[in-house]
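Enquirer: Here you go, data05.json (JSON, C-alpha atoms):
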```
[["chain", "number", "residue", "atom", "x", "y", "z"],
["A", 191, "MET", "CA", -114.29, 69.69, 31.56],
["A", 192, "TYR", "CA", -112.95, 66.62, 29.78],
["A", 193, "ARG", "CA", -115.21, 64.30, 27.78],
["A", 194, "ILE", "CA", -115.06, 60.51, 28.01],
["A", 195, "THR", "CA", -114.91, 59.22, 24.44],
["A", 196, "LEU", "CA", -114.49, 55.51, 25.22],
["A", 197, "LYS", "CA", -115.31, 53.29, 28.17],
["A", 198, "LYS", "CA", -114.52, 49.58, 28.17],
["A", 199, "PRO", "CA", -114.41, 47.09, 31.07],
["A", 200, "LEU", "CA", -111.28, 44.91, 30.90],
["A", 201, "ASN", "CA", -112.26, 42.62, 33.77],
["A", 202, "PRO", "CA", -114.73, 42.84, 36.69],
["A", 203, "THR", "CA", -112.60, 45.38, 38.58],
["A", 204, "VAL", "CA", -110.59, 47.16, 35.86],
["A", 205, "THR", "CA", -111.91, 49.73, 33.39],
["A", 206, "MET", "CA", -110.32, 51.47, 30.40],
["A", 207, "MET", "CA", -111.30, 55.00, 29.34],
["A", 208, "ASP", "CA", -110.19, 57.41, 26.64],
["A", 209, "ILE", "CA", -110.42, 61.05, 27.71],
["A", 210, "GLU", "CA", -110.56, 63.99, 25.31],
["A", 211, "ALA", "CA", -107.58, 66.08, 26.46],
["A", 212, "PRO", "CA", -105.67, 67.35, 23.40],
["A", 213, "LEU", "CA", -103.10, 69.42, 25.29],
["A", 214, "VAL", "CA", -102.16, 66.44, 27.46],
["A", 215, "ALA", "CA", -102.13, 64.06, 24.48],
["A", 216, "ALA", "CA", -99.77, 66.38, 22.58],
["A", 217, "LYS", "CA", -97.05, 66.10, 25.24],
["A", 218, "ALA", "CA", -97.63, 62.70, 26.88],
["A", 219, "LYS", "CA", -94.87, 60.07, 26.94],
["A", 220, "PRO", "CA", -94.76, 56.51, 28.34],
["A", 221, "GLY", "CA", -94.25, 56.43, 32.11],
["A", 222, "GLN", "CA", -95.89, 59.78, 32.84],
["A", 223, "PHE", "CA", -99.14, 60.25, 34.74],
["A", 224, "ILE", "CA", -102.13, 62.56, 35.11],
["A", 225, "ILE", "CA", -104.12, 63.75, 38.13],
["A", 226, "LEU", "CA", -107.90, 63.93, 37.81],
["A", 227, "ARG", "CA", -111.00, 64.92, 39.73],
["A", 228, "THR", "CA", -114.31, 63.36, 38.79],
["A", 229, "ASP", "CA", -116.30, 66.43, 39.93],
["A", 230, "GLU", "CA", -115.71, 69.80, 41.59],
["A", 231, "ASP", "CA", -116.02, 68.29, 45.08],
["A", 232, "GLY", "CA", -113.91, 65.24, 44.28],
["A", 233, "GLU", "CA", -110.48, 64.24, 45.54],
["A", 234, "ARG", "CA", -107.40, 64.32, 43.33],
["A", 235, "ILE", "CA", -106.07, 60.93, 42.26],
["A", 236, "PRO", "CA", -103.06, 60.06, 40.08],
["A", 237, "LEU", "CA", -103.35, 57.59, 37.20],
["A", 238, "THR", "CA", -100.50, 56.61, 34.92],
["A", 239, "ILE", "CA", -101.06, 57.29, 31.23],
["A", 240, "ALA", "CA", -101.88, 54.00, 29.52],
["A", 241, "GLY", "CA", -101.78, 55.37, 25.98],
["A", 242, "TYR", "CA", -102.48, 58.43, 23.88],
["A", 243, "ASP", "CA", -103.61, 59.44, 20.40],
["A", 244, "ARG", "CA", -102.09, 62.76, 19.42],
["A", 245, "ILE", "CA", -104.26, 63.06, 16.29],
["A", 246, "ALA", "CA", -107.55, 62.35, 18.08],
["A", 247, "GLY", "CA", -106.38, 64.35, 21.11],
["A", 248, "THR", "CA", -107.25, 61.59, 23.58],
["A", 249, "VAL", "CA", -105.44, 60.07, 26.55],
["A", 250, "ARG", "CA", -106.08, 56.53, 27.74],
["A", 251, "ILE", "CA", -106.35, 55.64, 31.41],
["A", 252, "ILE", "CA", -106.86, 52.20, 32.94],
["A", 253, "PHE", "CA", -107.91, 52.02, 36.57],
["A", 254, "GLN", "CA", -108.84, 49.46, 39.19],
["A", 255, "ILE", "CA", -111.99, 50.08, 41.20],
["A", 256, "VAL", "CA", -110.61, 50.11, 44.74],
["A", 257, "GLY", "CA", -111.70, 53.37, 46.37],
["A", 258, "ALA", "CA", -114.40, 56.01, 46.43],
["A", 259, "THR", "CA", -113.05, 58.05, 43.51],
["A", 260, "THR", "CA", -112.47, 55.11, 41.19],
["A", 261, "GLU", "CA", -115.99, 53.91, 42.05],
["A", 262, "LYS", "CA", -117.38, 57.33, 41.05],
["A", 263, "LEU", "CA", -115.26, 57.37, 37.91],
["A", 264, "ASN", "CA", -116.50, 53.94, 36.91],
["A", 265, "HIS", "CA", -120.12, 55.17, 37.10],
["A", 266, "LYS", "CA", -119.40, 57.69, 34.36],
["A", 267, "ASN", "CA", -120.08, 56.67, 30.76],
["A", 268, "GLU", "CA", -119.12, 57.67, 27.24],
["A", 269, "GLY", "CA", -120.17, 61.26, 26.66],
["A", 270, "ASP", "CA", -119.94, 62.18, 30.34],
["A", 271, "PHE", "CA", -117.34, 64.65, 31.58],
["A", 272, "ILE", "CA", -114.52, 64.67, 34.14],
["A", 273, "GLU", "CA", -113.94, 67.91, 36.05],
["A", 274, "ASP", "CA", -110.12, 68.04, 35.94],
["A", 275, "PHE", "CA", -107.50, 66.14, 33.96],
["A", 276, "VAL", "CA", -104.01, 67.57, 34.56],
["A", 277, "GLY", "CA", -100.77, 66.42, 32.95],
["A", 278, "PRO", "CA", -98.57, 65.02, 31.72],
["A", 279, "LEU", "CA", -96.77, 64.88, 35.06],
["A", 280, "GLY", "CA", -93.62, 63.11, 36.18],
["A", 281, "MET", "CA", -90.57, 62.05, 34.20],
["A", 282, "PRO", "CA", -91.05, 59.77, 31.17],
["A", 283, "THR", "CA", -89.46, 56.32, 31.19],
["A", 284, "GLU", "CA", -85.91, 56.37, 29.80],
["A", 285, "ILE", "CA", -85.84, 54.05, 26.79],
["A", 286, "GLU", "CA", -83.42, 55.67, 24.34],
["A", 287, "GLY", "CA", -80.61, 53.45, 23.12],
["A", 288, "LEU", "CA", -82.05, 50.22, 24.52],
["A", 289, "LYS", "CA", -81.79, 47.19, 22.24],
["A", 290, "LYS", "CA", -83.07, 44.33, 24.40],
["A", 291, "VAL", "CA", -85.43, 44.84, 27.33],
["A", 292, "CYS", "CA", -87.54, 42.70, 29.65],
["A", 293, "ILE", "CA", -90.83, 44.23, 30.78],
["A", 294, "VAL", "CA", -92.40, 42.71, 33.91],
["A", 295, "GLY", "CA", -95.95, 43.74, 34.76],
["A", 296, "GLY", "CA", -98.28, 42.64, 37.51],
["A", 297, "GLY", "CA", -102.06, 43.09, 37.66],
["A", 298, "VAL", "CA", -103.27, 46.56, 36.73],
["A", 299, "GLY", "CA", -99.60, 47.59, 36.56],
["A", 300, "CYS", "CA", -99.63, 45.97, 33.13],
["A", 301, "ALA", "CA", -101.61, 49.00, 31.94],
["A", 302, "ILE", "CA", -98.59, 51.16, 32.78],
["A", 303, "ALA", "CA", -96.09, 48.69, 31.33],
["A", 304, "LEU", "CA", -97.86, 48.32, 27.96],
["A", 305, "PRO", "CA", -97.13, 51.77, 26.46],
["A", 306, "ILE", "CA", -93.47, 51.32, 27.44],
["A", 307, "ALA", "CA", -93.36, 47.95, 25.69],
["A", 308, "GLN", "CA", -95.09, 49.45, 22.65],
["A", 309, "ALA", "CA", -92.67, 52.40, 22.47],
["A", 310, "LEU", "CA", -89.67, 50.08, 22.74],
["A", 311, "HIS", "CA", -91.10, 47.77, 20.05],
["A", 312, "GLU", "CA", -91.71, 50.71, 17.71],
["A", 313, "MET", "CA", -88.08, 51.82, 18.00],
["A", 314, "GLY", "CA", -86.86, 48.35, 17.06],
["A", 315, "CYS", "CA", -85.98, 47.07, 20.52],
["A", 316, "GLU", "CA", -86.29, 43.33, 21.22],
["A", 317, "VAL", "CA", -88.95, 43.13, 23.92],
["A", 318, "THR", "CA", -89.61, 40.20, 26.25],
["A", 319, "SER", "CA", -92.72, 40.69, 28.38],
["A", 320, "VAL", "CA", -93.74, 38.84, 31.53],
["A", 321, "ILE", "CA", -97.22, 39.63, 32.84],
["A", 322, "GLY", "CA", -98.78, 38.14, 35.95],
["A", 323, "PHE", "CA", -102.25, 37.98, 37.52],
["A", 324, "ARG", "CA", -103.89, 36.22, 40.44],
["A", 325, "SER", "CA", -106.23, 34.29, 38.12],
["A", 326, "LYS", "CA", -107.57, 34.13, 34.56],
["A", 327, "ASP", "CA", -110.57, 36.36, 35.26],
["A", 328, "LEU", "CA", -108.20, 39.25, 36.11],
["A", 329, "LEU", "CA", -106.18, 38.95, 32.89],
["A", 330, "ILE", "CA", -105.90, 42.17, 30.83],
["A", 331, "LEU", "CA", -104.12, 43.33, 27.65],
["A", 332, "GLU", "CA", -102.71, 39.95, 26.58],
["A", 333, "ASP", "CA", -103.19, 40.58, 22.84],
["A", 334, "GLU", "CA", -101.66, 44.05, 23.10],
["A", 335, "PHE", "CA", -98.56, 42.70, 24.85],
["A", 336, "LYS", "CA", -98.29, 39.89, 22.31],
["A", 337, "ALA", "CA", -98.22, 42.43, 19.47],
["A", 338, "ALA", "CA", -95.48, 44.46, 21.17],
["A", 339, "SER", "CA", -93.25, 41.57, 22.29],
["A", 340, "GLU", "CA", -90.94, 39.06, 20.67],
["A", 341, "LYS", "CA", -91.57, 36.78, 23.67],
["A", 342, "LEU", "CA", -94.50, 36.85, 26.07],
["A", 343, "PHE", "CA", -94.93, 34.89, 29.30],
["A", 344, "VAL", "CA", -98.37, 34.95, 30.95],
["A", 345, "MET", "CA", -98.45, 33.82, 34.58],
["A", 346, "THR", "CA", -101.32, 33.22, 37.01],
["A", 347, "ASP", "CA", -100.91, 32.47, 40.70],
["A", 348, "ASP", "CA", -103.50, 29.69, 40.59],
["A", 349, "GLY", "CA", -102.56, 28.26, 37.19],
["A", 350, "SER", "CA", -105.98, 29.02, 35.71],
["A", 351, "TYR", "CA", -104.33, 30.52, 32.60],
["A", 352, "GLY", "CA", -100.87, 30.55, 31.09],
["A", 353, "ARG", "CA", -98.30, 29.13, 33.46],
["A", 354, "GLU", "CA", -98.77, 28.68, 37.19],
["A", 355, "GLY", "CA", -96.58, 30.82, 39.40],
["A", 356, "ASN", "CA", -95.42, 34.38, 39.83],
["A", 357, "VAL", "CA", -93.53, 36.58, 37.37],
["A", 358, "CYS", "CA", -90.15, 35.65, 38.87],
["A", 359, "VAL", "CA", -90.47, 32.05, 37.60],
["A", 360, "PRO", "CA", -89.76, 32.75, 33.89],
["A", 361, "LEU", "CA", -87.40, 35.56, 34.89],
["A", 362, "ASN", "CA", -85.22, 33.18, 36.91],
["A", 363, "GLU", "CA", -85.39, 30.58, 34.12],
["A", 364, "MET", "CA", -84.15, 33.09, 31.57],
["A", 365, "PHE", "CA", -81.29, 34.21, 33.80],
["A", 366, "ALA", "CA", -80.32, 30.58, 34.50],
["A", 367, "ALA", "CA", -80.19, 30.01, 30.73],
["A", 368, "GLY", "CA", -77.82, 32.95, 30.33],
["A", 369, "GLU", "CA", -80.31, 35.45, 28.92],
["A", 370, "LYS", "CA", -79.05, 39.04, 28.98],
["A", 371, "PHE", "CA", -80.97, 42.32, 28.79],
["A", 372, "ASP", "CA", -79.95, 45.96, 28.61],
["A", 373, "LYS", "CA", -82.57, 46.69, 31.26],
["A", 374, "VAL", "CA", -85.45, 45.14, 33.19],
["A", 375, "ILE", "CA", -88.45, 47.42, 33.75],
["A", 376, "THR", "CA", -91.01, 46.26, 36.29],
["A", 377, "ILE", "CA", -94.36, 47.77, 37.22],
["A", 378, "GLY", "CA", -96.93, 46.31, 39.60],
["A", 379, "PRO", "CA", -97.63, 45.77, 43.30],
["A", 380, "LEU", "CA", -94.79, 46.82, 45.59],
["A", 381, "ILE", "CA", -94.20, 43.30, 46.86],
["A", 382, "MET", "CA", -93.95, 42.00, 43.30],
["A", 383, "MET", "CA", -91.44, 44.68, 42.30],
["A", 384, "LYS", "CA", -89.40, 43.99, 45.42],
["A", 385, "PHE", "CA", -89.01, 40.33, 44.45],
["A", 386, "VAL", "CA", -88.35, 41.13, 40.79],
["A", 387, "VAL", "CA", -85.53, 43.45, 41.85],
["A", 388, "ALA", "CA", -84.15, 40.68, 44.10],
["A", 389, "ALA", "CA", -84.25, 38.24, 41.17],
["A", 390, "VAL", "CA", -82.49, 40.66, 38.81],
["A", 391, "LYS", "CA", -79.85, 41.94, 41.24],
["A", 392, "PRO", "CA", -77.41, 38.97, 40.99],
["A", 393, "THR", "CA", -77.18, 39.54, 37.22],
["A", 394, "GLY", "CA", -76.17, 43.19, 37.55],
["A", 395, "ILE", "CA", -78.68, 44.17, 34.87],
["A", 396, "PRO", "CA", -80.11, 47.67, 35.48],
["A", 397, "CYS", "CA", -83.63, 47.39, 36.92],
["A", 398, "THR", "CA", -86.16, 50.23, 36.83],
["A", 399, "VAL", "CA", -89.30, 50.26, 38.99],
["A", 400, "SER", "CA", -92.34, 52.53, 38.71],
["A", 401, "MET", "CA", -93.52, 53.87, 42.07],
["A", 402, "ASN", "CA", -97.10, 55.07, 42.45],
["A", 403, "PRO", "CA", -97.66, 56.12, 46.08],
["A", 404, "ILE", "CA", -100.31, 58.52, 47.39],
["A", 405, "MET", "CA", -100.18, 61.83, 45.51],
["A", 406, "ILE", "CA", -102.17, 65.03, 46.03],
["A", 407, "ASP", "CA", -100.78, 67.96, 44.07],
["A", 408, "GLY", "CA", -98.33, 66.24, 41.71],
["A", 409, "THR", "CA", -95.75, 69.06, 41.99],
["A", 410, "GLY", "CA", -93.73, 67.96, 45.03],
["A", 411, "MET", "CA", -95.35, 70.51, 47.34],
["A", 412, "CYS", "CA", -97.47, 68.24, 49.55],
["A", 413, "GLY", "CA", -94.82, 65.60, 50.26],
["A", 414, "GLY", "CA", -97.38, 62.80, 50.28],
["A", 415, "CYS", "CA", -95.53, 60.75, 47.68],
["A", 416, "ARG", "CA", -92.15, 60.76, 49.41],
["A", 417, "LEU", "CA", -89.98, 57.67, 49.17],
["A", 418, "VAL", "CA", -86.60, 56.60, 50.46],
["A", 419, "VAL", "CA", -84.31, 56.00, 47.47],
["A", 420, "GLY", "CA", -80.60, 55.47, 47.98],
["A", 421, "GLY", "CA", -81.00, 56.57, 51.60],
["A", 422, "LYS", "CA", -82.42, 59.94, 50.53],
["A", 423, "THR", "CA", -85.96, 61.31, 50.40],
["A", 424, "LYS", "CA", -87.35, 61.51, 46.88],
["A", 425, "PHE", "CA", -90.76, 62.53, 45.58],
["A", 426, "ALA", "CA", -92.40, 60.18, 43.09],
["A", 427, "CYS", "CA", -94.35, 62.95, 41.39],
["A", 428, "VAL", "CA", -91.34, 65.04, 40.33],
["A", 429, "ASP", "CA", -88.29, 62.78, 40.76],
["A", 430, "GLY", "CA", -90.08, 59.73, 39.34],
["A", 431, "PRO", "CA", -92.24, 57.78, 39.07],
["A", 432, "ASP", "CA", -89.36, 55.64, 37.75],
["A", 433, "PHE", "CA", -86.44, 54.85, 40.05],
["A", 434, "ASP", "CA", -83.44, 52.53, 40.23],
["A", 435, "GLY", "CA", -84.97, 49.43, 41.80],
["A", 436, "TYR", "CA", -81.76, 48.60, 43.65],
["A", 437, "GLU", "CA", -81.99, 51.84, 45.62],
["A", 438, "VAL", "CA", -85.69, 51.84, 46.60],
["A", 439, "ASP", "CA", -86.60, 51.08, 50.22],
["A", 440, "PHE", "CA", -89.60, 48.88, 49.48],
["A", 441, "ASP", "CA", -90.34, 48.06, 53.13],
["A", 442, "SER", "CA", -90.89, 51.71, 54.09],
["A", 443, "ALA", "CA", -92.91, 52.28, 50.91],
["A", 444, "MET", "CA", -95.19, 49.34, 51.73],
["A", 445, "GLU", "CA", -95.64, 50.57, 55.29],
["A", 446, "ARG", "CA", -96.63, 54.05, 54.10],
["A", 447, "GLY", "CA", -98.96, 52.53, 51.49],
["A", 448, "THR", "CA", -101.13, 50.93, 54.19],
["A", 449, "MET", "CA", -101.60, 54.11, 56.26],
["A", 450, "TYR", "CA", -104.98, 55.01, 54.77],
["A", 451, "ARG", "CA", -106.25, 51.54, 53.91],
["A", 452, "ASP", "CA", -109.09, 51.52, 56.47],
["A", 453, "PHE", "CA", -110.16, 55.06, 55.54],
["A", 454, "GLU", "CA", -110.17, 54.16, 51.83],
["A", 455, "ARG", "CA", -112.22, 51.02, 52.47],
["A", 456, "HIS", "CA", -114.87, 52.93, 54.43],
["A", 457, "ALA", "CA", -114.99, 55.72, 51.82],
["A", 458, "HIS", "CA", -115.47, 53.12, 49.08],
["A", 459, "GLU", "CA", -118.27, 51.42, 51.03],
["A", 460, "ASP", "CA", -120.02, 54.75, 51.62],
["A", 461, "THR", "CA", -119.78, 55.64, 47.93],
["A", 462, "CYS", "CA", -121.15, 52.25, 46.87],
["A", 463, "ASN", "CA", -124.07, 52.72, 49.27],
["A", 464, "LEU", "CA", -124.85, 56.13, 47.77],
["A", 465, "PHE", "CA", -125.04, 54.67, 44.27],
["A", 466, "LYS", "CA", -127.25, 51.83, 45.50],
["A", 467, "LYS", "CA", -129.67, 54.30, 47.09],
["A", 468, "ALA", "CA", -129.70, 56.39, 43.90]]
```
Here is the file; what I need is its structure written in the form of structure tokens.

Expert:
Amino acid sequence: MYRITLKKPLNPTVTMMDIEAPLVAAKAKPGQFIILRTDEDGERIPLTIAGYDRIAGTVRIIFQIVGATTEKLNHKNEGDFIEDFVGPLGMPTEIEGLKKVCIVGGGVGCAIALPIAQALHEMGCEVTSVIGFRSKDLLILEDEFKAASEKLFVMTDDGSYGREGNVCVPLNEMFAAGEKFDKVITIGPLIMMKFVVAAVKPTGIPCTVSMNPIMIDGTGMCGGCRLVVGGKTKFACVDGPDFDGYEVDFDSAMERGTMYRDFERHAHEDTCNLFKKA
């Protein structure tokens, strides 16, 4: 059992928690993920590690309330326990030797991008961050990105905060002005990452994407997280979650990502109804 030591809402649909898991905290690195179960009858869901404190023995997760399990998880409070918390899983993000990097995060993907930006900043890398949201009320982690970045661009689709437009707007402006980076790292919705990769490709700058498809066991056995990368089948849980953005087949990934959308919606509705009755 793993105790929740901190719970904090970041916006109406996104929650941050610190989980007491000293063995995971001791080994965790930016870009890796965990798999948890809220209770002994719960499903397994993957969540990327959003931070860790090796001294306190805690691991930070940030999740969006979109399905039955995240709804159940959000009803837990500080002092409550989670049944399983397994990790760290996956390959950490490769950041060694980088001197100048652009981090592009979208929505709750910013929670995954932040520890990478922080790690790069701590090793003396010049970090430019671009974070995007649909509107101001969905904004998260602005101050944290500001502290870890030499430059920060905040974008909202509706212009309610920061600049109006998507994350490709400042990216294209920087490239047009001749800005160069050792690498662009982008994390967010698949459609956003697809367009970021398209924007970066003419520059020839290496572009890394973080893929977070459906996962069950996290060891490559179930095959649920398979992706087409460079024309070959890869598994996000063991080969990733980071991949060369130029090689990812985003269209097939987006098609697979919608397979269980109706089932997830109904499961979420049923879970919400159970809590209302309770």

Enquirer: Find the residue from A:Pro236, A:Leu380, A:Lys341, A:Asp243 that sits nearest to Met364 in chain A; use all atoms listed in the file when measuring.

Expert: A:Lys341

Enquirer: Of the residues A:Ile395, A:Cys358, A:Ile321, A:Cys300, which is the one nearest to Lys370 in chain A, using all atoms listed in the file?

Expert: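 Smallest separation from Lys370 in chain A among the options: A:Ile395.
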
Enquirer: In Å to one decimal, how far is CA of Leu310 in chain A from CA of Ile285 in chain A?

Expert: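 These atoms are spaced 6.8 Å apart.
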
Enquirer: Write out as a PDB file with C-alpha atoms, in the coordinates of the input each polymer residue whose atoms come within 12 Å of Tyr192 in chain A, counting all atoms listed in the file; drop sequence neighbours fewer than 5 positions from it.

Expert:
```
ATOM      1  CA  MET A 207    -111.300  55.000  29.340  1.00  0.00           C
ATOM      2  CA  ASP A 208    -110.190  57.410  26.640  1.00  0.00           C
ATOM      3  CA  ILE A 209    -110.420  61.050  27.710  1.00  0.00           C
ATOM      4  CA  GLU A 210    -110.560  63.990  25.310  1.00  0.00           C
ATOM      5  CA  ALA A 211    -107.580  66.080  26.460  1.00  0.00           C
ATOM      6  CA  PRO A 212    -105.670  67.350  23.400  1.00  0.00           C
ATOM      7  CA  LEU A 213    -103.100  69.420  25.290  1.00  0.00           C
ATOM      8  CA  VAL A 214    -102.160  66.440  27.460  1.00  0.00           C
ATOM      9  CA  LEU A 226    -107.900  63.930  37.810  1.00  0.00           C
ATOM     10  CA  ARG A 227    -111.000  64.920  39.730  1.00  0.00           C
ATOM     11  CA  THR A 228    -114.310  63.360  38.790  1.00  0.00           C
ATOM     12  CA  ASP A 229    -116.300  66.430  39.930  1.00  0.00           C
ATOM     13  CA  GLY A 247    -106.380  64.350  21.110  1.00  0.00           C
ATOM     14  CA  THR A 248    -107.250  61.590  23.580  1.00  0.00           C
ATOM     15  CA  VAL A 249    -105.440  60.070  26.550  1.00  0.00           C
ATOM     16  CA  LYS A 266    -119.400  57.690  34.360  1.00  0.00           C
ATOM     17  CA  GLU A 268    -119.120  57.670  27.240  1.00  0.00           C
ATOM     18  CA  GLY A 269    -120.170  61.260  26.660  1.00  0.00           C
ATOM     19  CA  ASP A 270    -119.940  62.180  30.340  1.00  0.00           C
ATOM     20  CA  PHE A 271    -117.340  64.650  31.580  1.00  0.00           C
ATOM     21  CA  ILE A 272    -114.520  64.670  34.140  1.00  0.00           C
ATOM     22  CA  GLU A 273    -113.940  67.910  36.050  1.00  0.00           C
ATOM     23  CA  ASP A 274    -110.120  68.040  35.940  1.00  0.00           C
ATOM     24  CA  PHE A 275    -107.500  66.140  33.960  1.00  0.00           C
ATOM     25  CA  VAL A 276    -104.010  67.570  34.560  1.00  0.00           C
TER      26      VAL A 276
END
```

Enquirer: May I ask which of the residues A:Lys391, A:Glu354, A:Ile194, A:Leu417 is the closest one to Asp441 in chain A, counting all atoms listed in the file?

Expert: A:Leu417

Enquirer: Output as a Markdown table one row per residue of range 217-324 of chain A within 10 Å of range 431-434 of chain A: the closest atom pair and its distance in Å to one decimal place, counting only C-alpha atoms, sorted by chain and residue number ascending.

Expert:
```
| residue | atom | partner | partner_atom | distance |
| --- | --- | --- | --- | --- |
| A:Gly221 | CA | A:Pro431 | CA | 7.4 |
| A:Gln222 | CA | A:Pro431 | CA | 7.5 |
| A:Phe223 | CA | A:Pro431 | CA | 8.5 |
| A:Thr238 | CA | A:Pro431 | CA | 9.3 |
| A:Leu279 | CA | A:Pro431 | CA | 9.3 |
| A:Gly280 | CA | A:Pro431 | CA | 6.2 |
| A:Met281 | CA | A:Pro431 | CA | 6.7 |
| A:Pro282 | CA | A:Asp432 | CA | 8.0 |
| A:Thr283 | CA | A:Asp432 | CA | 6.6 |
| A:Glu284 | CA | A:Asp432 | CA | 8.7 |
```

Enquirer: Rank nothing, just name the residue among A:Ile255, A:Ile406, A:Val291, A:Ala216 nearest to Cys315 in chain A, using all atoms listed in the file.

Expert: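 Nearest candidate to Cys315 in chain A out of A:Ile255, A:Ile406, A:Val291, A:Ala216: A:Val291.
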
Enquirer: If you measure from CA of Ala307 in chain A to CA of Asp439 in chain A, what distance in Å do you get, rounded to one decimal?

Expert: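 Separation between CA of Ala307 in chain A and CA of Asp439 in chain A: 25.6 Å.
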
Enquirer: One decimal, Å: what's the distance from CA of Thr203 in chain A over to CA of Val256 in chain A, could you say?

Expert: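 Computed distance, CA of Thr203 in chain A to CA of Val256 in chain A, equals 8.0 Å.
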
Enquirer: Which protein, DNA or RNA residues are at most 12 Å from (-97.5, 32.4, 38.5) in the file's coordinates when you count all atoms listed in the file, listed as a list in words?

Expert: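 Protein and nucleic acid residues near the point are Gly296, Gly297, Val320, Ile321, Gly322, Phe323, Arg324, Ser325, Lys326, Phe343, Val344, Met345, Thr346, Asp347, Asp348, Gly349, Ser350, Tyr351, Gly352, Arg353, Glu354, Gly355, Asn356, Val357, Cys358, Val359, Pro360, Leu361 and Met382 of chain A.
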
Enquirer: Using all atoms listed in the file, give me every residue within 10 Å of (-87.2, 47.1, 29.4) in file coordinates, as a list in words.

Expert: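 Using all atoms listed in the file, the matching residues come out as Thr283, Glu284, Ile285, Leu288, Lys289, Lys290, Val291, Cys292, Ile293, Val294, Ala303, Ile306, Ala307, Leu310, Cys315, Glu316, Val317, Thr318, Ser319, Phe371, Asp372, Lys373, Val374, Ile375, Thr376, Pro396, Cys397 and Thr398 of chain A.
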